[in-house]
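Visitor: Next comes the structure file protein39.tsv, holding TSV, C-alpha atoms.
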chain	number	residue	atom	x	y	z
A	1	MET	CA	0.00	0.00	0.00
A	2	THR	CA	1.50	3.33	-1.10
A	3	SER	CA	1.81	6.40	1.11
A	4	SER	CA	-0.82	8.22	-0.95
A	5	SER	CA	-3.24	5.33	-0.46
A	6	MET	CA	-2.62	5.31	3.31
A	7	LYS	CA	-3.16	9.07	3.41
A	8	TYR	CA	-6.44	8.71	1.51
A	9	LEU	CA	-7.66	5.83	3.66
A	10	THR	CA	-6.72	7.69	6.85
A	11	LYS	CA	-8.84	10.62	5.71
A	12	GLU	CA	-11.64	8.18	4.92
A	13	GLY	CA	-11.42	6.84	8.46
A	14	PHE	CA	-11.84	10.35	9.90
A	15	ARG	CA	-14.64	11.10	7.42
A	16	ASN	CA	-16.46	7.88	8.34
A	17	VAL	CA	-16.56	8.91	11.99
A	18	TRP	CA	-18.48	12.04	11.05
A	19	THR	CA	-20.57	10.48	8.27
A	20	ASN	CA	-21.75	7.71	10.59
A	21	ARG	CA	-21.81	9.98	13.61
A	22	MET	CA	-24.90	8.44	15.22
A	23	MET	CA	-23.29	4.99	15.37
A	24	SER	CA	-19.99	6.60	16.35
A	25	ILE	CA	-21.67	8.38	19.25
A	26	ALA	CA	-23.37	5.12	20.27
A	27	SER	CA	-20.04	3.28	20.25
A	28	ILE	CA	-18.34	6.04	22.25
A	29	CYS	CA	-21.15	6.17	24.81
A	30	VAL	CA	-21.16	2.41	25.37
A	31	LEU	CA	-17.39	2.21	25.71
A	32	MET	CA	-17.35	5.35	27.85
A	33	CYS	CA	-19.86	3.92	30.35
A	34	CYS	CA	-17.80	0.76	30.74
A	35	LEU	CA	-14.54	2.67	31.17
A	36	VAL	CA	-16.08	5.04	33.73
A	37	LEU	CA	-17.26	2.09	35.82
A	38	ILE	CA	-13.82	0.48	35.65
A	39	GLY	CA	-12.14	3.79	36.53
A	40	LEU	CA	-14.37	4.54	39.52
A	41	MET	CA	-14.03	1.00	40.90
A	42	SER	CA	-10.25	1.25	40.49
A	43	MET	CA	-10.13	4.53	42.47
A	44	ILE	CA	-12.29	3.02	45.23
A	45	PHE	CA	-9.93	0.07	45.60
A	46	ILE	CA	-6.86	2.36	45.44
A	47	ASN	CA	-8.24	4.39	48.37
A	48	ILE	CA	-9.05	1.24	50.33
A	49	ASP	CA	-5.52	0.01	49.73
A	50	SER	CA	-4.14	3.36	50.92
A	51	LEU	CA	-6.22	3.11	54.11
A	52	LEU	CA	-4.88	-0.39	54.75
A	53	ASN	CA	-1.33	0.89	54.26
A	54	ARG	CA	-1.97	3.59	56.85
A	55	ILE	CA	-3.29	1.03	59.35
A	56	GLU	CA	-0.32	-1.22	58.66
A	57	GLU	CA	2.11	1.62	59.36
A	58	GLU	CA	0.46	2.18	62.75
A	59	ASN	CA	0.68	-1.51	63.60
A	60	VAL	CA	4.24	-1.23	64.92
A	61	VAL	CA	6.26	-3.61	67.05
A	62	MET	CA	7.66	-2.12	70.26
A	63	VAL	CA	11.02	-3.62	71.25
A	64	PHE	CA	11.85	-2.74	74.88
A	65	ILE	CA	15.51	-2.73	75.90
A	66	LYS	CA	16.98	-3.99	79.18
A	67	ASP	CA	17.97	-1.22	81.58
A	68	GLU	CA	21.51	-2.60	81.96
A	69	ALA	CA	22.28	-2.22	78.24
A	70	ASP	CA	24.85	0.53	77.58
A	71	GLU	CA	24.77	3.08	74.73
A	72	ALA	CA	26.98	0.98	72.45
A	73	GLN	CA	24.77	-2.07	72.87
A	74	VAL	CA	21.65	0.01	72.23
A	75	ALA	CA	23.17	1.46	69.05
A	76	ASP	CA	24.27	-2.00	67.90
A	77	MET	CA	20.75	-3.31	68.45
A	78	GLU	CA	19.43	-0.96	65.76
A	79	LYS	CA	21.86	-2.49	63.24
A	80	GLN	CA	20.77	-5.98	64.29
A	81	ILE	CA	17.11	-5.04	63.76
A	82	TRP	CA	17.80	-3.76	60.23
A	83	ASN	CA	19.79	-6.90	59.46
A	84	LEU	CA	16.72	-9.05	60.16
A	85	GLY	CA	15.19	-7.87	56.88
A	86	ASN	CA	11.51	-7.10	56.23
A	87	ILE	CA	11.97	-3.88	58.21
A	88	LYS	CA	10.44	-0.66	56.88
A	89	ASP	CA	11.44	1.74	59.65
A	90	VAL	CA	13.23	1.74	63.01
A	91	GLU	CA	12.79	4.60	65.47
A	92	PHE	CA	14.52	4.89	68.83
A	93	VAL	CA	12.25	6.07	71.65
A	94	SER	CA	14.05	7.12	74.82
A	95	LYS	CA	12.40	6.41	78.14
A	96	GLU	CA	12.23	10.16	78.86
A	97	VAL	CA	10.26	10.84	75.67
A	98	ALA	CA	8.04	7.80	76.25
A	99	TRP	CA	7.31	8.94	79.82
A	100	GLU	CA	6.40	12.47	78.68
A	101	GLN	CA	4.04	11.00	76.09
A	102	GLN	CA	2.48	8.78	78.74
A	103	LEU	CA	1.98	11.71	81.13
A	104	ALA	CA	0.33	13.74	78.36
A	105	THR	CA	-2.45	11.14	78.16
A	106	MET	CA	-3.24	11.39	81.91
A	107	GLU	CA	-5.55	13.70	83.82
A	108	LYS	CA	-3.93	16.51	85.82
A	109	ALA	CA	-4.37	14.74	89.15
A	110	GLU	CA	-2.82	11.55	87.80
A	111	ARG	CA	0.17	13.46	86.36
A	112	GLU	CA	0.80	15.17	89.69
A	113	PHE	CA	0.55	11.88	91.57
A	114	PHE	CA	3.05	10.04	89.36
A	115	THR	CA	5.51	12.93	89.21
A	116	GLN	CA	5.45	13.48	92.98
A	117	ILE	CA	5.56	9.85	94.09
A	118	SER	CA	8.94	9.24	92.50
A	119	SER	CA	11.47	10.94	90.23
A	120	ASP	CA	12.43	7.64	88.62
A	121	ILE	CA	11.08	6.87	85.14
A	122	PRO	CA	9.30	3.49	85.19
A	123	LEU	CA	9.72	2.89	81.44
A	124	PRO	CA	12.66	1.41	79.50
A	125	ASP	CA	14.22	2.67	76.27
A	126	SER	CA	12.70	1.10	73.21
A	127	TYR	CA	12.70	0.81	69.44
A	128	LYS	CA	9.56	1.35	67.42
A	129	VAL	CA	9.81	-1.10	64.51
A	130	THR	CA	7.59	-0.93	61.42
A	131	VAL	CA	7.35	-4.22	59.52
A	132	ASP	CA	7.48	-4.00	55.73
A	133	ASN	CA	5.59	-7.13	54.67
A	134	LEU	CA	2.88	-8.28	57.08
A	135	ASP	CA	2.87	-11.72	55.48
A	136	MET	CA	6.20	-12.26	57.26
A	137	PHE	CA	5.10	-10.57	60.50
A	138	SER	CA	5.45	-13.66	62.71
A	139	GLN	CA	8.93	-14.52	61.39
A	140	THR	CA	10.09	-10.94	61.97
A	141	VAL	CA	8.78	-10.89	65.56
A	142	GLN	CA	10.54	-14.21	66.24
A	143	GLY	CA	13.78	-12.68	64.99
A	144	LEU	CA	13.33	-9.64	67.24
A	145	ASN	CA	12.80	-11.85	70.29
A	146	LYS	CA	16.17	-13.55	69.67
A	147	LEU	CA	18.20	-10.31	69.75
A	148	ASP	CA	20.53	-9.55	72.67
A	149	ASN	CA	19.51	-7.16	75.46
A	150	ILE	CA	15.80	-7.51	74.69
A	151	ASP	CA	13.49	-7.08	77.67
A	152	THR	CA	10.11	-7.63	76.00
A	153	VAL	CA	8.56	-7.35	72.56
A	154	ARG	CA	5.04	-5.94	72.30
A	155	GLU	CA	3.16	-6.73	69.11
A	156	ASN	CA	-0.37	-7.24	67.80
A	157	ARG	CA	-0.19	-10.40	65.74
A	158	GLU	CA	-3.96	-10.77	65.47
A	159	LEU	CA	-4.34	-7.32	63.90
A	160	ALA	CA	-1.50	-8.04	61.48
A	161	GLN	CA	-3.14	-11.30	60.44
A	162	LYS	CA	-6.51	-9.60	59.95
A	163	LEU	CA	-4.90	-6.88	57.83
A	164	VAL	CA	-3.26	-9.53	55.63
A	165	GLU	CA	-6.59	-11.33	55.21
A	166	ILE	CA	-8.41	-8.06	54.42
A	167	ARG	CA	-5.76	-7.04	51.87
A	168	HIS	CA	-5.91	-10.43	50.14
A	169	GLY	CA	-9.71	-10.31	50.14
A	170	ILE	CA	-9.79	-6.77	48.74
A	171	SER	CA	-7.28	-7.74	46.02
A	172	ILE	CA	-9.38	-10.73	44.96
A	173	ILE	CA	-12.58	-8.66	44.94
A	174	ALA	CA	-10.90	-5.85	42.97
A	175	ILE	CA	-9.54	-8.22	40.33
A	176	ALA	CA	-12.86	-10.05	40.06
A	177	VAL	CA	-14.97	-6.87	39.79
A	178	ILE	CA	-12.69	-5.21	37.22
A	179	ALA	CA	-12.46	-8.46	35.23
A	180	VAL	CA	-16.26	-8.81	35.18
A	181	LEU	CA	-16.69	-5.17	34.14
A	182	PHE	CA	-14.07	-5.63	31.42
A	183	ALA	CA	-15.80	-8.79	30.15
A	184	ILE	CA	-19.17	-7.01	30.11
A	185	SER	CA	-17.53	-4.10	28.31
A	186	LEU	CA	-16.14	-6.36	25.60
A	187	PHE	CA	-19.51	-8.08	25.15
A	188	ILE	CA	-21.50	-4.85	24.86
A	189	ILE	CA	-18.90	-3.12	22.71
A	190	SER	CA	-18.58	-6.08	20.32
A	191	ASN	CA	-22.35	-6.10	19.82
A	192	THR	CA	-22.41	-2.34	19.26
A	193	ILE	CA	-19.62	-2.67	16.68
A	194	LYS	CA	-21.54	-5.49	15.00
A	195	LEU	CA	-24.46	-3.12	14.53
A	196	THR	CA	-22.11	-0.44	13.22
A	197	VAL	CA	-20.47	-2.74	10.67
A	198	TYR	CA	-23.81	-4.34	9.74
A	199	SER	CA	-25.28	-0.92	8.94
A	200	ARG	CA	-22.38	-0.42	6.50
A	201	ARG	CA	-22.37	-3.85	4.91
A	202	LEU	CA	-23.51	-2.35	1.60
A	203	GLU	CA	-20.55	0.03	1.62
A	204	ILE	CA	-18.17	-2.89	2.22
A	205	SER	CA	-19.80	-4.96	-0.51
A	206	ILE	CA	-19.52	-2.11	-3.05
A	207	MET	CA	-15.83	-1.63	-2.27
A	208	LYS	CA	-15.24	-5.36	-2.73
A	209	SER	CA	-17.20	-5.37	-6.00
A	210	VAL	CA	-14.95	-2.71	-7.56
A	211	GLY	CA	-11.82	-4.68	-6.75
A	212	ALA	CA	-10.76	-3.32	-3.35
A	213	THR	CA	-8.49	-5.65	-1.38
A	214	ASN	CA	-9.35	-6.74	2.14
A	215	ASN	CA	-6.60	-4.53	3.59
A	216	PHE	CA	-7.92	-1.56	1.60
A	217	VAL	CA	-11.37	-2.11	3.09
A	218	ARG	CA	-10.08	-2.73	6.62
A	219	PHE	CA	-7.78	0.29	6.95
A	220	PRO	CA	-10.47	3.02	7.28
A	221	PHE	CA	-12.25	0.88	9.87
A	222	ILE	CA	-8.98	0.50	11.79
A	223	ILE	CA	-8.48	4.28	11.78
A	224	GLU	CA	-12.11	4.77	12.77
A	225	GLY	CA	-11.77	2.28	15.65
A	226	MET	CA	-8.63	4.05	16.87
A	227	ILE	CA	-10.35	7.44	16.78
A	228	LEU	CA	-13.37	6.17	18.69
A	229	GLY	CA	-11.09	4.43	21.22
A	230	VAL	CA	-9.00	7.56	21.85
A	231	LEU	CA	-12.07	9.79	22.16
A	232	SER	CA	-13.73	7.32	24.53
A	233	GLY	CA	-10.59	7.14	26.69
A	234	ILE	CA	-10.19	10.93	26.97
A	235	ILE	CA	-13.89	11.59	27.68
A	236	SER	CA	-14.01	8.71	30.19
A	237	LEU	CA	-11.00	10.07	32.07
A	238	GLY	CA	-12.68	13.47	32.34
A	239	LEU	CA	-15.89	11.92	33.65
A	240	VAL	CA	-14.10	9.70	36.17
A	241	TRP	CA	-12.06	12.70	37.35
A	242	GLY	CA	-15.17	14.87	37.75
A	243	LEU	CA	-17.21	12.18	39.50
A	244	TYR	CA	-14.32	11.29	41.80
A	245	GLU	CA	-13.73	14.91	42.85
A	246	PHE	CA	-17.49	15.35	43.36
A	247	ALA	CA	-17.63	12.25	45.58
A	248	VAL	CA	-14.61	13.41	47.59
A	249	THR	CA	-16.24	16.82	48.13
A	250	GLN	CA	-19.57	15.28	49.15
A	251	PHE	CA	-17.99	12.87	51.64
A	252	SER	CA	-15.25	15.24	52.84
A	253	SER	CA	-16.63	15.43	56.39
A	254	PHE	CA	-16.88	11.64	56.63
A	255	ILE	CA	-13.34	11.22	55.28
A	256	ALA	CA	-12.05	13.81	57.76
A	257	SER	CA	-13.80	12.01	60.65
A	258	LEU	CA	-11.75	8.91	59.81
A	259	ASN	CA	-8.58	11.03	59.95
A	260	ILE	CA	-7.61	10.03	56.41
A	261	GLN	CA	-7.12	11.78	53.10
A	262	ALA	CA	-8.51	10.78	49.72
A	263	ILE	CA	-5.88	9.88	47.14
A	264	PRO	CA	-5.38	12.81	44.69
A	265	PHE	CA	-6.71	11.76	41.29
A	266	ILE	CA	-3.90	13.60	39.49
A	267	GLU	CA	-1.46	10.91	40.67
A	268	TYR	CA	-3.28	8.28	38.60
A	269	ALA	CA	-4.66	10.45	35.78
A	270	LEU	CA	-1.89	9.78	33.24
A	271	PRO	CA	-1.64	5.99	33.78
A	272	MET	CA	-5.43	5.70	33.72
A	273	LEU	CA	-5.60	7.71	30.48
A	274	GLY	CA	-3.09	5.35	28.89
A	275	ILE	CA	-5.05	2.29	30.04
A	276	PHE	CA	-8.37	3.78	28.89
A	277	ILE	CA	-7.02	4.63	25.44
A	278	ALA	CA	-5.41	1.19	25.13
A	279	ILE	CA	-8.68	-0.55	26.06
A	280	GLY	CA	-10.64	1.72	23.73
A	281	VAL	CA	-8.32	1.18	20.78
A	282	ILE	CA	-8.15	-2.59	21.32
A	283	CYS	CA	-11.95	-2.84	21.60
A	284	GLY	CA	-12.60	-0.50	18.69
A	285	VAL	CA	-10.02	-1.87	16.27
A	286	GLY	CA	-10.30	-5.51	17.37
A	287	GLY	CA	-14.07	-5.50	17.36
A	288	SER	CA	-14.21	-3.91	13.91
A	289	LEU	CA	-11.74	-6.37	12.39
A	290	VAL	CA	-13.36	-9.45	13.88
A	291	THR	CA	-16.87	-8.38	12.90
A	292	MET	CA	-15.81	-7.26	9.40
A	293	SER	CA	-14.29	-10.60	8.49
A	294	LYS	CA	-17.72	-12.15	7.77
A	295	TYR	CA	-18.52	-9.42	5.24
A	296	LEU	CA	-15.19	-9.36	3.37
A	297	ASN	CA	-15.95	-12.62	1.58
A	298	ARG	CA	-19.38	-11.54	0.35
A	299	GLU	CA	-18.40	-9.67	-2.79
A	300	GLY	CA	-21.54	-8.24	-4.34
A	301	SER	CA	-23.90	-10.29	-2.16
A	302	GLU	CA	-25.32	-7.25	-0.37
A	303	ILE	CA	-25.76	-5.37	-3.67
A	304	SER	CA	-27.75	-8.20	-5.20
A	305	GLY	CA	-30.02	-8.23	-2.21
A	306	VAL	CA	-30.90	-4.55	-2.60
Could you spell out this file's structure in structure tokens?

Guide:
Amino acid sequence: MTSSSMKYLTKEGFRNVWTNRMMSIASICVLMCCLVLIGLMSMIFINIDSLLNRIEEENVVMVFIKDEADEAQVADMEKQIWNLGNIKDVEFVSKEVAWEQQLATMEKAEREFFTQISSDIPLPDSYKVTVDNLDMFSQTVQGLNKLDNIDTVRENRELAQKLVEIRHGISIIAIAVIAVLFAISLFIISNTIKLTVYSRRLEISIMKSVGATNNFVRFPFIIEGMILGVLSGIISLGLVWGLYEFAVTQFSSFIASLNIQAIPFIEYALPMLGIFIAIGVICGVGGSLVTMSKYLNREGSEISGV
């Protein structure tokens, strides 16, 4: 196919979008609805995942150090903790800071009682350890218990296990929901494209009757499918963005009451646009080519039936 032919067929693809604008609008609307549903569900699961990450970060392991440990031993313990692996963060908490934090949670009378009864601080130095992968929480805690100069290790294994189960459950639900929506999208889109191609079967038959090759007939439909896919992806992104920001605004007080922040959509806008356009182009081009194949071998059959 020459460059002039490709240029002509590309123009034909753009012209076909406008000429058959009602079917083009129908195809865009159907694909757009499916993409919007996928986009909104994805943002919901992204926010749930962010909330789980926040809870995981607060599920720390407190490693209390023996009082007889000197400064060198305490400093060496931090290295030993990092060497265990699966460690996201290690923070040293001196007993003075821990005691001040504890006093801040008490009523005035309680603070006065504890400060007057003794000047000694009843708390040990400690390390606040954040585990990276909760799937290995138990193994990490076992490693911490084996370190030298450890007094006690305080951890919440049940919460860690529940968080792992919730994350796995959310992941399975997210994959299942998005997969079902994608399958429904393909089914609806393929049927819409069938109607589009069927309404133009006479056009295809005429082109075949005057000697056009299959590739010559396909190319404008490929361009048309790409245009519809790109338009659907861009419009869908705008709708998802607007609906997401509207939902965040409407539920802002509820979100604030949970002491969390909604994930900014701008962080996922570009990747989502790429995914939307890819899905749109694949559905538009693929659906057109698959549906067209049954008409490419009917040279003149539609004309004779008119």

Visitor: Need the neighbours of (-12.9, 11.9, 25.0): which residues are at most 12 Å away, counting all atoms listed in the file, as a list in words?

Guide: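 Collected hits near the coordinates: Ile25, Ile28, Cys29, Leu31, Met32, Cys33, Leu35, Val36, Ile227, Leu228, Gly229, Val230, Leu231, Ser232, Gly233, Ile234, Ile235, Ser236, Leu237, Gly238, Leu239, Val240, Leu273, Phe276, Ile277 and Gly280 of chain A.
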
Visitor: Any idea what's packed within 9 Å of range 159-175 of chain A, counting only C-alpha atoms, ignoring anything in its chain fewer than 3 positions away? Could you give it as an NGL selection string?

Guide: :A and (41-42 or 45 or 48-49 or 52 or 55-56 or 59 or 134-135 or 137 or 156 or 178-180)

Visitor: Just give me the gap between CA of Pro220 in chain A and CA of Gly13 in chain A in Å, one decimal is fine.

Guide: 4.1 Å

Visitor: Restricting the calculation to only C-alpha atoms: of A:Trp18, A:Phe221, A:Trp99, A:Trp241, which residue gets closest to Gly284 in chain A?

Guide: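 Looking only at the distances to Gly284 in chain A, the closest residue turns out to be A:Phe221.
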
Visitor: Select, from A:Ser5, A:Gln80, A:Gln250, A:Gln73, the residue with the minimum atom-to-atom distance to Asn145 in chain A, counting all atoms listed in the file.

Guide: A:Gln80

Visitor: In Å, rounded to a single decimal, give me how far CA of Asp125 in chain A is from CA of Glu107 in chain A.

Guide: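 Computing it gives 23.9 Å between the two atoms.
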
Visitor: Taking all atoms of range 159-177 of chain A that appear in the file, build a box with edges along x, y and z, extend it by 8 Å on every side, and state its centre and edge lengths in Å to one decimal, as AutoDock Vina command-line options.

Guide:
--center_x -8.2 --center_y -8.6 --center_z 51.8 --size_x 29.5 --size_y 21.5 --size_z 40.1

Visitor: Under the rule that only C-alpha atoms are counted, which of A:Phe246, A:Phe92, A:Phe187, A:Phe219 is the nearest residue to Ala75 in chain A?

Guide: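 Residue with the minimum atom-to-atom distance to Ala75 in chain A: A:Phe92.
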
Visitor: Which one of A:Glu91, A:Ile204, A:Asp148, A:Glu96 sits closest to Val131 in chain A if you count all atoms listed in the file?

Guide: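 Smallest distance to Val131 in chain A is found for A:Glu91.
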
Visitor: For a quick check of understanding, using all atoms listed in the file, which of A:Ser4, A:Met23, A:Glu12, A:Ile263 has the smallest distance to Met43 in chain A?

Guide: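 Among the listed residues, the smallest separation from Met43 in chain A belongs to A:Ile263.
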
Visitor: Report the distance between CA of Leu40 in chain A and CA of Tyr244 in chain A in Å, rounded to one decimal place.

Guide: 7.1 Å

Visitor: Which polymer residues, protein or nucleic acid, are no farther than 12 Å from (15.4, -11.1, 67.9), counting all atoms listed in the file, as a PyMOL selection string?

Guide: chain A and resi 61+63-65+77-85+129+138-153

Visitor: Using all atoms listed in the file, can you tell me which of A:Asp76, A:Ile279, A:Glu224, A:Val285 comes closest to Ile38 in chain A?

Guide: A:Ile279

Visitor: Set the distance at 7 Å and use only C-alpha atoms: which residues neighbour Thr130 in chain A once local chain neighbours fewer than 6 positions away are removed? I'd like the list as a short mmCIF file (atom, residue, chain, number, x, y, z; two decimals) with C-alpha atoms, in the coordinates of the input.

Guide:
data_model
loop_
_atom_site.label_atom_id
_atom_site.label_comp_id
_atom_site.auth_asym_id
_atom_site.auth_seq_id
_atom_site.Cartn_x
_atom_site.Cartn_y
_atom_site.Cartn_z
CA GLU A 57 2.11 1.62 59.36
CA VAL A 60 4.24 -1.23 64.92
CA VAL A 61 6.26 -3.61 67.05
CA ILE A 87 11.97 -3.88 58.21
CA LYS A 88 10.44 -0.66 56.88
CA ASP A 89 11.44 1.74 59.65
CA VAL A 90 13.23 1.74 63.01
#

Visitor: For Met6 in chain A, please output as a VMD selection string all residues within 12 Å (counting all atoms listed in the file; exclusion window: fewer than 2 positions along the same chain).

Guide: chain A and resid 1 to 4 8 to 13 215 to 220 222 to 223

Visitor: Please complete range 33-42 of chain A so it has all heavy atoms, and hand it over as an mmCIF file, in the coordinates of the input.

Guide:
data_model
loop_
_atom_site.group_PDB
_atom_site.id
_atom_site.type_symbol
_atom_site.label_atom_id
_atom_site.label_comp_id
_atom_site.auth_asym_id
_atom_site.auth_seq_id
_atom_site.Cartn_x
_atom_site.Cartn_y
_atom_site.Cartn_z
ATOM 1 N N CYS A 33 -19.203 4.386 29.121
ATOM 2 C CA CYS A 33 -19.860 3.920 30.350
ATOM 3 C C CYS A 33 -19.071 2.795 31.018
ATOM 4 O O CYS A 33 -18.896 2.780 32.244
ATOM 5 C CB CYS A 33 -21.273 3.422 30.026
ATOM 6 S SG CYS A 33 -22.421 4.726 29.544
ATOM 7 N N CYS A 34 -18.578 1.876 30.200
ATOM 8 C CA CYS A 34 -17.800 0.760 30.740
ATOM 9 C C CYS A 34 -16.488 1.246 31.355
ATOM 10 O O CYS A 34 -16.098 0.821 32.455
ATOM 11 C CB CYS A 34 -17.525 -0.265 29.651
ATOM 12 S SG CYS A 34 -19.019 -1.021 28.968
ATOM 13 N N LEU A 35 -15.813 2.156 30.671
ATOM 14 C CA LEU A 35 -14.540 2.670 31.170
ATOM 15 C C LEU A 35 -14.734 3.489 32.448
ATOM 16 O O LEU A 35 -13.897 3.425 33.364
ATOM 17 C CB LEU A 35 -13.858 3.529 30.101
ATOM 18 C CG LEU A 35 -13.327 2.785 28.872
ATOM 19 C CD1 LEU A 35 -12.748 3.765 27.864
ATOM 20 C CD2 LEU A 35 -12.272 1.754 29.266
ATOM 21 N N VAL A 36 -15.808 4.246 32.524
ATOM 22 C CA VAL A 36 -16.080 5.040 33.730
ATOM 23 C C VAL A 36 -16.294 4.124 34.931
ATOM 24 O O VAL A 36 -15.772 4.385 36.030
ATOM 25 C CB VAL A 36 -17.308 5.949 33.510
ATOM 26 C CG1 VAL A 36 -17.790 6.541 34.835
ATOM 27 C CG2 VAL A 36 -16.966 7.077 32.545
ATOM 28 N N LEU A 37 -17.052 3.043 34.727
ATOM 29 C CA LEU A 37 -17.260 2.090 35.820
ATOM 30 C C LEU A 37 -15.942 1.473 36.276
ATOM 31 O O LEU A 37 -15.676 1.359 37.481
ATOM 32 C CB LEU A 37 -18.232 0.996 35.380
ATOM 33 C CG LEU A 37 -19.704 1.395 35.253
ATOM 34 C CD1 LEU A 37 -20.516 0.247 34.669
ATOM 35 C CD2 LEU A 37 -20.269 1.800 36.609
ATOM 36 N N ILE A 38 -15.117 1.073 35.312
ATOM 37 C CA ILE A 38 -13.820 0.480 35.650
ATOM 38 C C ILE A 38 -12.954 1.500 36.385
ATOM 39 O O ILE A 38 -12.295 1.181 37.385
ATOM 40 C CB ILE A 38 -13.115 -0.017 34.371
ATOM 41 C CG1 ILE A 38 -13.864 -1.215 33.783
ATOM 42 C CG2 ILE A 38 -11.658 -0.405 34.666
ATOM 43 C CD1 ILE A 38 -13.328 -1.692 32.443
ATOM 44 N N GLY A 39 -12.952 2.752 35.906
ATOM 45 C CA GLY A 39 -12.140 3.790 36.530
ATOM 46 C C GLY A 39 -12.567 4.101 37.953
ATOM 47 O O GLY A 39 -11.730 4.216 38.855
ATOM 48 N N LEU A 40 -13.870 4.230 38.173
ATOM 49 C CA LEU A 40 -14.370 4.540 39.520
ATOM 50 C C LEU A 40 -14.098 3.396 40.487
ATOM 51 O O LEU A 40 -13.695 3.627 41.644
ATOM 52 C CB LEU A 40 -15.872 4.829 39.458
ATOM 53 C CG LEU A 40 -16.274 6.143 38.776
ATOM 54 C CD1 LEU A 40 -17.788 6.255 38.692
ATOM 55 C CD2 LEU A 40 -15.699 7.337 39.529
ATOM 56 N N MET A 41 -14.312 2.155 40.034
ATOM 57 C CA MET A 41 -14.030 1.000 40.900
ATOM 58 C C MET A 41 -12.538 0.943 41.233
ATOM 59 O O MET A 41 -12.160 0.626 42.365
ATOM 60 C CB MET A 41 -14.473 -0.291 40.226
ATOM 61 C CG MET A 41 -15.988 -0.448 40.094
ATOM 62 S SD MET A 41 -16.865 -0.340 41.686
ATOM 63 C CE MET A 41 -16.143 -1.722 42.564
ATOM 64 N N SER A 42 -11.697 1.266 40.258
ATOM 65 C CA SER A 42 -10.250 1.250 40.490
ATOM 66 C C SER A 42 -9.865 2.282 41.555
ATOM 67 O O SER A 42 -9.071 1.992 42.459
ATOM 68 C CB SER A 42 -9.496 1.556 39.188
ATOM 69 O OG SER A 42 -9.748 0.560 38.213
#
